[in-house]
file model33.cif (mmCIF, C-alpha atoms)
data_my_file
#
loop_
_atom_site.label_atom_id
_atom_site.label_comp_id
_atom_site.auth_asym_id
_atom_site.auth_seq_id
_atom_site.Cartn_x
_atom_site.Cartn_y
_atom_site.Cartn_z
CA MET A 331 13.78 -35.83 -9.40
CA MET A 332 12.80 -33.35 -6.77
CA MET A 333 15.52 -31.97 -4.55
CA SER A 334 14.50 -31.67 -0.94
CA ILE A 335 13.79 -28.11 0.16
CA ALA A 336 16.40 -28.24 2.91
CA ASP A 337 19.20 -28.63 0.32
CA LEU A 338 18.26 -25.42 -1.45
CA PRO A 339 21.04 -22.80 -1.38
CA LEU A 340 20.31 -20.00 1.05
CA TRP A 341 20.49 -17.20 -1.53
CA VAL A 342 17.91 -18.92 -3.74
CA ALA A 343 15.55 -19.26 -0.80
CA ILE A 344 15.98 -15.58 0.04
CA ILE A 345 15.43 -14.38 -3.56
CA VAL A 346 12.37 -16.60 -3.97
CA SER A 347 10.95 -15.42 -0.63
CA VAL A 348 11.50 -11.74 -1.40
CA LEU A 349 9.95 -12.00 -4.87
CA LEU A 350 6.99 -13.95 -3.53
CA ILE A 351 6.27 -11.50 -0.72
CA VAL A 352 6.77 -8.42 -2.91
CA GLY A 353 4.36 -9.89 -5.47
CA ALA A 354 1.75 -10.74 -2.85
CA MET A 355 2.20 -7.35 -1.18
CA LEU A 356 1.68 -5.46 -4.46
CA THR A 357 -1.45 -7.49 -5.14
CA LEU A 358 -2.76 -6.66 -1.67
CA ILE A 359 -2.01 -2.95 -2.11
CA GLY A 360 -3.80 -3.07 -5.46
CA ALA A 361 -6.83 -4.66 -3.82
CA ILE A 362 -6.82 -2.09 -1.00
CA GLY A 363 -6.57 0.74 -3.52
CA PHE A 364 -9.41 -0.85 -5.44
CA LEU A 365 -11.54 -0.58 -2.30
CA ARG A 366 -10.46 2.91 -1.27
CA LEU A 367 -10.32 4.96 -4.45
CA PRO A 368 -13.46 7.06 -4.85
CA THR A 369 -14.49 6.91 -8.55
CA PHE A 370 -14.73 4.11 -11.09
CA TYR A 371 -12.08 5.50 -13.43
CA GLU A 372 -9.60 5.79 -10.57
CA ARG A 373 -10.41 2.27 -9.41
CA LEU A 374 -9.58 1.07 -12.92
CA HIS A 375 -5.88 1.62 -12.14
CA ALA A 376 -5.69 -0.43 -8.97
CA PRO A 377 -5.95 -4.03 -10.29
CA THR A 378 -3.09 -3.40 -12.73
CA LEU A 379 -0.80 -3.26 -9.73
CA GLY A 380 -1.57 -6.90 -9.02
CA THR A 381 -1.49 -8.01 -12.63
CA SER A 382 1.78 -6.39 -13.66
CA TRP A 383 4.46 -6.91 -11.03
CA GLY A 384 2.21 -8.80 -8.61
CA VAL A 385 1.91 -11.62 -11.11
CA GLY A 386 5.47 -10.96 -12.28
CA GLY A 387 6.92 -11.37 -8.79
CA VAL A 388 5.08 -14.58 -7.98
CA MET A 389 5.84 -16.11 -11.40
CA LEU A 390 9.54 -15.19 -11.17
CA ALA A 391 9.69 -16.71 -7.69
CA SER A 392 8.10 -19.89 -9.00
CA ILE A 393 10.41 -20.01 -12.04
CA ILE A 394 13.56 -19.58 -9.92
CA TYR A 395 12.41 -22.03 -7.28
CA PHE A 396 11.48 -24.83 -9.66
CA SER A 397 14.48 -24.41 -11.93
CA VAL A 398 16.88 -24.62 -8.99
CA ALA A 399 14.99 -27.43 -7.31
CA GLY A 400 15.15 -29.08 -10.73
CA SER A 401 11.91 -30.95 -10.71
CA ARG A 402 10.66 -29.79 -14.11
CA PRO A 403 11.14 -27.27 -16.93
CA VAL A 404 9.77 -23.89 -15.94
CA LEU A 405 7.58 -22.94 -18.86
CA HIS A 406 4.08 -23.02 -17.38
CA GLU A 407 4.70 -19.85 -15.40
CA ILE A 408 6.02 -18.02 -18.45
CA LEU A 409 2.85 -18.98 -20.30
CA ILE A 410 0.67 -17.78 -17.42
CA GLY A 411 2.68 -14.55 -17.18
CA ILE A 412 2.42 -13.77 -20.89
CA PHE A 413 -1.24 -14.66 -20.83
CA VAL A 414 -2.05 -12.38 -17.90
CA THR A 415 -0.05 -9.42 -19.21
CA LEU A 416 -1.84 -9.65 -22.55
CA THR A 417 -5.38 -10.28 -21.30
CA THR A 418 -5.67 -7.83 -18.41
CA PRO A 419 -5.34 -4.69 -20.56
CA ILE A 420 -7.96 -6.12 -22.94
CA THR A 421 -10.51 -6.70 -20.18
CA LEU A 422 -9.77 -3.32 -18.61
CA ILE A 423 -10.09 -1.44 -21.91
CA LEU A 424 -13.34 -3.25 -22.71
CA LEU A 425 -14.75 -2.44 -19.28
CA ALA A 426 -13.58 1.17 -19.46
CA ARG A 427 -15.26 1.58 -22.83
CA ALA A 428 -18.44 -0.03 -21.52
CA ALA A 429 -18.42 2.29 -18.51
CA LEU A 430 -17.76 5.31 -20.73
CA HIS A 431 -20.61 4.25 -23.00
CA ARG A 432 -22.97 3.88 -20.02
CA ASP A 433 -21.93 7.18 -18.45
CA ARG A 434 -22.25 9.07 -21.72
CA SER A 435 -25.64 7.57 -22.52
CA GLU A 436 -26.77 8.89 -19.15
CA GLY A 437 -25.70 12.39 -20.17
CA ASN A 438 -22.31 12.70 -18.48
CA ARG A 439 -19.99 14.27 -21.01
CA ILE A 440 -16.80 12.60 -19.84
CA GLY A 441 -13.75 13.58 -21.85
CA LEU A 442 -15.80 15.23 -24.58
CA LYS A 443 -15.43 18.64 -26.09
CA ASP A 444 -18.54 20.75 -26.54
CA ASP A 445 -18.98 20.20 -30.27
CA ASP A 446 -18.61 16.44 -30.12
CA ASP A 447 -21.27 13.80 -29.67
CA GLY A 448 -18.89 11.00 -28.73
CA ASN A 449 -19.97 8.43 -31.28
CA MET B 1375 -0.11 -23.35 -46.87
CA ILE B 1376 0.90 -21.65 -43.60
CA PRO B 1377 -0.35 -18.06 -43.63
CA TYR B 1378 1.02 -17.01 -40.22
CA PRO B 1379 4.30 -18.85 -39.57
CA LEU B 1380 5.09 -17.03 -36.32
CA LEU B 1381 1.67 -17.81 -34.84
CA THR B 1382 1.90 -21.44 -35.96
CA VAL B 1383 5.34 -21.91 -34.41
CA SER B 1384 4.36 -20.29 -31.12
CA LEU B 1385 1.22 -22.43 -30.93
CA ILE B 1386 3.32 -25.58 -31.42
CA VAL B 1387 5.75 -24.43 -28.72
CA MET B 1388 2.84 -23.70 -26.39
CA TRP B 1389 1.28 -27.09 -27.03
CA LEU B 1390 4.56 -28.88 -26.29
CA THR B 1391 5.01 -26.79 -23.14
CA LEU B 1392 1.59 -27.65 -21.79
CA ASN B 1393 1.98 -31.33 -22.63
CA ALA B 1394 4.97 -33.61 -22.72
CA PHE B 1395 7.57 -33.39 -25.48
CA THR B 1396 6.79 -36.54 -27.47
CA LEU B 1397 6.39 -37.32 -31.16
CA GLY B 1398 2.64 -37.76 -30.75
CA HIS B 1399 2.21 -34.36 -29.14
CA LEU B 1400 4.46 -32.77 -31.75
CA LEU B 1401 2.20 -34.12 -34.53
CA LEU B 1402 -1.02 -33.19 -32.73
CA GLY B 1403 0.28 -29.74 -31.86
CA THR B 1404 1.40 -29.10 -35.45
CA LEU B 1405 -2.00 -30.18 -36.74
CA ILE B 1406 -3.81 -27.82 -34.36
CA ALA B 1407 -1.42 -24.94 -35.04
CA VAL B 1408 -1.82 -25.25 -38.82
CA PHE B 1409 -5.61 -25.33 -38.53
CA ALA B 1410 -5.55 -22.33 -36.17
CA GLY B 1411 -3.46 -20.44 -38.74
CA TRP B 1412 -6.07 -21.18 -41.41
CA ALA B 1413 -8.87 -20.12 -39.06
CA LEU B 1414 -7.10 -16.82 -38.44
CA ALA B 1415 -6.51 -16.34 -42.16
CA ALA B 1416 -10.27 -16.67 -42.69
CA LEU B 1417 -10.74 -13.67 -40.41
CA ARG B 1418 -8.33 -11.64 -42.58
CA PRO B 1419 -6.68 -9.48 -39.92
CA GLU B 1420 -4.45 -6.71 -41.18
CA LYS B 1421 -0.89 -7.99 -41.28
CA PRO B 1422 1.67 -5.73 -39.65
CA LYS B 1423 4.97 -5.22 -41.39
CA ILE B 1424 7.63 -5.10 -38.74
CA ARG B 1425 10.53 -3.13 -40.10
CA LYS B 1426 13.05 -2.97 -37.33
CA TRP B 1427 13.14 -6.12 -35.23
CA HIS B 1428 16.10 -4.91 -33.21
CA LEU B 1429 14.02 -2.11 -31.64
CA LEU B 1430 11.50 -4.53 -30.09
CA PRO B 1431 13.70 -5.48 -27.10
CA ILE B 1432 14.37 -1.78 -26.43
CA LEU B 1433 10.64 -1.09 -26.34
CA ALA B 1434 9.98 -4.12 -24.13
CA PHE B 1435 12.70 -3.11 -21.68
CA ARG B 1436 11.50 0.48 -21.57
CA VAL B 1437 7.94 -0.63 -20.90
CA MET B 1438 9.06 -2.97 -18.12
CA VAL B 1439 11.06 -0.25 -16.38
CA ASP B 1440 8.18 2.21 -16.69
CA ILE B 1441 5.68 -0.31 -15.31
CA LEU B 1442 8.00 -0.94 -12.37
CA ARG B 1443 8.30 2.78 -11.62
CA SER B 1444 4.58 3.33 -12.06
CA ASN B 1445 3.90 0.38 -9.74
CA ALA B 1446 5.96 1.98 -7.00
CA ALA B 1447 4.31 5.38 -7.53
CA VAL B 1448 0.76 4.01 -7.45
CA ALA B 1449 1.49 1.76 -4.46
CA LEU B 1450 2.80 4.79 -2.52
CA LEU B 1451 -0.21 6.83 -3.58
CA ILE B 1452 -2.63 4.16 -2.32
CA LEU B 1453 -0.75 3.69 0.96
CA ARG B 1454 -0.69 7.43 1.66
CA GLY B 1455 -4.43 7.51 1.12
CA LYS B 1456 -6.25 10.71 1.89
CA ARG B 1457 -3.36 12.52 3.53
CA ARG B 1458 -1.99 13.67 0.21
CA PRO B 1459 -4.77 14.15 -2.36
CA HIS B 1460 -4.03 13.17 -5.95
CA THR B 1461 -5.54 14.72 -9.04
CA ALA B 1462 -7.10 12.20 -11.38
CA ALA B 1463 -7.84 13.58 -14.82
CA PHE B 1464 -8.90 12.68 -18.35
CA ILE B 1465 -6.51 13.85 -21.05
CA THR B 1466 -6.79 13.70 -24.82
CA ILE B 1467 -3.66 12.89 -26.75
CA PRO B 1468 -3.26 13.30 -30.50
CA LEU B 1469 -1.59 10.23 -32.01
CA GLU B 1470 0.46 9.84 -35.16
CA ILE B 1471 0.32 6.05 -35.29
CA GLU B 1472 -2.57 4.70 -37.34
CA HIS B 1473 -1.89 1.03 -37.91
CA PRO B 1474 -4.30 -1.14 -35.85
CA VAL B 1475 -1.46 -3.30 -34.52
CA ALA B 1476 0.53 -0.25 -33.38
CA LEU B 1477 -2.58 1.15 -31.71
CA ALA B 1478 -3.22 -2.18 -30.02
CA ALA B 1479 0.36 -2.27 -28.75
CA MET B 1480 0.05 1.30 -27.49
CA SER B 1481 -3.23 0.57 -25.67
CA VAL B 1482 -1.75 -2.52 -24.01
CA ILE B 1483 1.33 -0.56 -22.90
CA LEU B 1484 -0.68 2.34 -21.48
CA THR B 1485 -3.21 0.16 -19.70
CA SER B 1486 -0.64 -2.20 -18.18
CA THR B 1487 1.05 0.80 -16.62
CA PRO B 1488 -0.82 1.28 -13.34
CA GLY B 1489 -0.77 5.08 -13.53
CA SER B 1490 -2.64 5.38 -16.83
CA ALA B 1491 -5.56 3.73 -18.59
CA TRP B 1492 -6.59 3.81 -22.24
CA LEU B 1493 -10.28 4.62 -22.58
CA ALA B 1494 -11.32 5.32 -26.16
CA TYR B 1495 -9.71 5.99 -29.52
CA ASP B 1496 -11.28 8.41 -31.94
CA SER B 1497 -10.34 7.32 -35.45
CA ARG B 1498 -11.71 10.46 -37.11
CA GLN B 1499 -9.70 12.95 -35.11
CA LYS B 1500 -6.87 10.50 -34.39
CA THR B 1501 -6.92 11.24 -30.70
CA VAL B 1502 -7.09 8.96 -27.73
CA LEU B 1503 -8.76 9.60 -24.39
CA ILE B 1504 -6.72 8.33 -21.46
CA HIS B 1505 -7.28 8.54 -17.75
CA VAL B 1506 -4.34 9.41 -15.52
CA LEU B 1507 -4.43 8.63 -11.82
CA ASP B 1508 -2.07 11.35 -10.64
CA LEU B 1509 -1.73 14.17 -13.12
CA VAL B 1510 0.90 16.75 -12.30
CA ASP B 1511 1.75 18.22 -15.66
CA GLU B 1512 -0.35 17.40 -18.70
CA GLU B 1513 2.20 18.62 -21.24
CA ALA B 1514 4.90 16.47 -19.70
CA TRP B 1515 2.62 13.41 -19.85
CA VAL B 1516 1.80 13.88 -23.52
CA ALA B 1517 5.45 14.52 -24.36
CA ALA B 1518 6.60 11.45 -22.42
CA ILE B 1519 4.12 9.15 -24.15
CA LYS B 1520 5.01 10.52 -27.57
CA GLN B 1521 8.75 10.34 -26.97
CA ARG B 1522 9.03 7.06 -25.12
CA TYR B 1523 6.55 4.85 -26.97
CA GLU B 1524 5.07 6.46 -30.04
CA SER B 1525 8.33 7.31 -31.77
CA LEU B 1526 9.56 3.72 -31.29
CA LEU B 1527 6.26 2.20 -32.44
CA LEU B 1528 6.31 4.42 -35.52
CA GLU B 1529 9.75 3.10 -36.39
CA ILE B 1530 8.93 -0.54 -35.69
CA ILE B 1531 5.57 -1.00 -37.39
CA GLU B 1532 4.81 0.24 -40.86
CA MET C 543 17.56 -22.77 7.29
CA SER C 544 16.40 -22.18 3.73
CA ALA C 545 13.44 -24.48 4.36
CA ILE C 546 12.33 -22.28 7.25
CA ILE C 547 12.72 -19.08 5.20
CA LEU C 548 10.80 -20.54 2.31
CA PHE C 549 8.04 -21.94 4.49
CA THR C 550 7.60 -18.57 6.23
CA ALA C 551 7.56 -16.68 2.94
CA VAL C 552 5.02 -19.02 1.36
CA SER C 553 2.77 -18.83 4.41
CA LEU C 554 3.03 -15.04 4.55
CA ALA C 555 2.30 -14.74 0.83
CA LYS C 556 -0.74 -17.00 1.25
CA ILE C 557 -2.05 -14.81 4.08
CA LEU C 558 -1.46 -11.58 2.11
CA LEU C 559 -3.19 -12.99 -0.97
CA ALA C 560 -6.10 -14.31 1.08
CA ILE C 561 -6.62 -10.84 2.59
CA ALA C 562 -6.39 -9.31 -0.91
CA LEU C 563 -9.00 -11.81 -2.12
CA MET C 564 -11.39 -10.78 0.64
CA VAL C 565 -10.77 -7.07 0.13
CA ALA C 566 -11.46 -7.38 -3.59
CA ALA C 567 -14.55 -9.47 -2.90
CA VAL C 568 -15.98 -6.65 -0.76
CA ARG C 569 -16.20 -4.55 -3.95
CA ILE C 570 -18.43 -7.18 -5.56
CA PHE C 571 -21.00 -6.50 -2.86
CA VAL C 572 -20.41 -2.76 -2.45
CA GLY C 573 -20.57 -1.94 -6.14
CA PRO C 574 -21.89 0.72 -6.67
CA ARG C 575 -22.33 0.05 -10.39
CA ALA C 576 -22.15 -3.08 -12.53
CA GLN C 577 -18.74 -2.20 -13.98
CA ASP C 578 -17.25 -2.01 -10.47
CA ARG C 579 -18.56 -5.46 -9.66
CA ILE C 580 -17.16 -6.92 -12.89
CA ILE C 581 -13.67 -5.50 -12.31
CA ALA C 582 -13.86 -6.82 -8.76
CA LEU C 583 -14.73 -10.27 -10.10
CA ASP C 584 -11.80 -10.10 -12.52
CA THR C 585 -9.47 -9.10 -9.69
CA VAL C 586 -10.75 -11.99 -7.57
CA TYR C 587 -9.99 -14.38 -10.45
CA ILE C 588 -6.42 -13.07 -10.77
CA ILE C 589 -5.76 -13.23 -7.04
CA ALA C 590 -7.15 -16.76 -6.87
CA MET C 591 -4.77 -17.68 -9.68
CA LEU C 592 -1.80 -16.21 -7.78
CA LEU C 593 -2.92 -18.07 -4.67
CA LEU C 594 -2.92 -21.34 -6.62
CA VAL C 595 0.60 -20.69 -7.90
CA THR C 596 1.72 -19.97 -4.34
CA PHE C 597 0.18 -23.26 -3.25
CA GLY C 598 2.12 -24.86 -6.10
CA ILE C 599 5.41 -23.42 -4.83
CA GLY C 600 4.58 -24.56 -1.30
CA SER C 601 3.75 -28.13 -2.24
CA GLY C 602 5.91 -28.59 -5.35
CA ARG C 603 3.05 -30.21 -7.23
CA LEU C 604 2.41 -29.49 -10.90
CA ILE C 605 -1.38 -29.82 -10.72
CA TYR C 606 -1.79 -26.33 -9.21
CA PHE C 607 -0.27 -24.71 -12.29
CA GLU C 608 -2.75 -26.39 -14.59
CA ALA C 609 -5.53 -25.13 -12.34
CA ALA C 610 -4.04 -21.61 -12.38
CA LEU C 611 -3.96 -21.62 -16.18
CA VAL C 612 -7.60 -22.75 -16.35
CA ILE C 613 -8.69 -20.09 -13.83
CA GLY C 614 -6.83 -17.41 -15.81
CA LEU C 615 -8.53 -18.46 -19.06
CA LEU C 616 -12.00 -18.69 -17.53
CA GLY C 617 -11.63 -15.33 -15.81
CA PHE C 618 -10.63 -13.64 -19.05
CA VAL C 619 -13.51 -15.10 -21.06
CA ALA C 620 -16.05 -14.36 -18.33
CA THR C 621 -14.95 -10.76 -17.94
CA VAL C 622 -14.94 -10.10 -21.68
CA ALA C 623 -18.44 -11.56 -22.00
CA LEU C 624 -19.70 -9.43 -19.11
CA ALA C 625 -18.08 -6.28 -20.51
CA LYS C 626 -19.70 -7.00 -23.87
CA PHE C 627 -23.02 -7.41 -22.11
CA LEU C 628 -22.65 -4.01 -20.41
CA MET C 629 -21.85 -2.41 -23.73
CA ARG C 630 -24.82 -3.64 -25.73
CA GLY C 631 -27.05 -5.63 -23.45
CA GLU C 632 -26.52 -8.89 -25.32
CA VAL C 633 -23.51 -11.19 -25.49
CA ILE C 634 -23.89 -12.62 -28.98
CA GLU C 635 -25.02 -10.29 -31.72
#
call {"tool": "encode", "arguments": {"input": "model33.cif", "output": "structure tokens"}}
result
Amino acid sequence: MMMSIADLPLWVAIIVSVLLIVGAMLTLIGAIGFLRLPTFYERLHAPTLGTSWGVGGVMLASIIYFSVAGSRPVLHEILIGIFVTLTTPITLILLARAALHRDRSEGNRIGLKDDDDGN
Amino acid sequence: MIPYPLLTVSLIVMWLTLNAFTLGHLLLGTLIAVFAGWALAALRPEKPKIRKWHLLPILAFRVMVDILRSNAAVALLILRGKRRPHTAAFITIPLEIEHPVALAAMSVILTSTPGSAWLAYDSRQKTVLIHVLDLVDEEAWVAAIKQRYESLLLEIIE
Amino acid sequence: MSAIILFTAVSLAKILLAIALMVAAVRIFVGPRAQDRIIALDTVYIIAMLLLVTFGIGSGRLIYFEAALVIGLLGFVATVALAKFLMRGEVIE
């Protein structure tokens, strides 16, 4: 049974709002950084802003809101949160390795010492 | 019969979370979880031996706090933009941990922190190449990573 | 009172996320290299997922969360396949 939004305690509404806006704001800053940073390896850092506490903030807001409003158990968001925190590093590491591989095969010796062929 | 009990249980819990909690879903979820356990066993991943369970929450808490701090630092850095230049750098860190699961945990921790990204691990020299967005003091970075995460991971996973 | 606060917050979050979505999408076109475009695509997936969850909070409907989960899964698989393609030039070896 869904409680109407107007009956929600004020402090819950404020916490949910703050978390939601902080999460969205972090995601936006991450996206802006992604556009502004000059090199690929620097840009690699920007999306993590959105996927760590950006996702965390929005999911926490959703968890608090739905558990107080009492319409359903709040486990979907936890699943999404765990899923995103585990998968984002994997995609980023894979992409970083692919980029490193491409850069090195073009002759850029990124992060290599002189006596090392990088393979 | 059930090679990975923890995986099987969490799959059942996940199935029941995504669907309704009924007897039918419990049976179906159990069936799928058991088969998934067998499928994973066929891949023969290396099984980690977790020695000290009680240290896991400490590590998780530490990582969460660090990610929060790093979030604030990187957000400030992006907002300031070109007014205060940052120094991005590649650094090589020698690692003591060797177990694949510990390395995987380390790479996930370092990459989820917005200030640092794991690039490539060199298994011959046991070093890892990471990229740091705003490097002030390389020694301090290496020491912090070794102290905060590696020592705990070494104790947890054998 | 709390309804007004919540409505404002949800609307503001939607606007912020929509701007973030567009900003990230610019990178898909700007590039300059394939890896930049792929990370941009991954970011767009994640932001779209957050936008769906925000819609879910705004409307109170469960269906948005299922959609968010599906988008998250698809985004992950797509990005991994593309990264694999960059690495070797073929997805299945």
call {"tool": "interface_residues", "arguments": {"input": "model33.cif", "of": "chain C", "to": "chain B", "cutoff": "12 Å", "atoms": "only C-alpha atoms", "output": "VMD selection string"}}
result
chain C and resid 604 to 605 607 to 608 611 to 612
call {"tool": "resolve_selection", "arguments": {"input": "model33.cif", "expression": "the PyMOL selection byres ((chain A) within 7 of (chain C))", "output": "MDAnalysis selection string"}}
result
chainID A and resid 335:336 338:340 343 347 350:351 354:355 357:358 361:362 365 370 377 385 392 406 410 417 421 424:425 428:429 431
call {"tool": "resolve_selection", "arguments": {"input": "model33.cif", "expression": "the PyMOL selection byres ((chain B) within 7 of (chain A))", "output": "PyMOL selection string"}}
result
chain B and resi 1391-1392+1445+1449+1452+1462+1464+1482+1485-1486+1488-1494+1503+1507
call {"tool": "atom_distance", "arguments": {"input": "model33.cif", "atom1": "atom CA of B:His1399", "atom2": "atom CA of B:Ile1386"}}
result
9.1 Å
call {"tool": "atom_distance", "arguments": {"input": "model33.cif", "atom1": "atom CA of B:Leu1429", "atom2": "atom CA of A:Glu407"}}
result
25.8 Å
call {"tool": "residues_around", "arguments": {"input": "model33.cif", "residues": "B:Val1387", "least_positions_apart": "2", "cutoff": "12 Å", "atoms": "only C-alpha atoms", "output": "list in words"}}
result
Leu405, His406 and Leu409 of chain A; Leu1380, Leu1381, Thr1382, Val1383, Ser1384, Leu1385, Trp1389, Leu1390, Thr1391, Leu1392, Asn1393, Ala1394, Phe1395, His1399, Leu1400, Leu1401, Leu1402, Gly1403, Thr1404, Ile1406 and Ala1407 of chain B
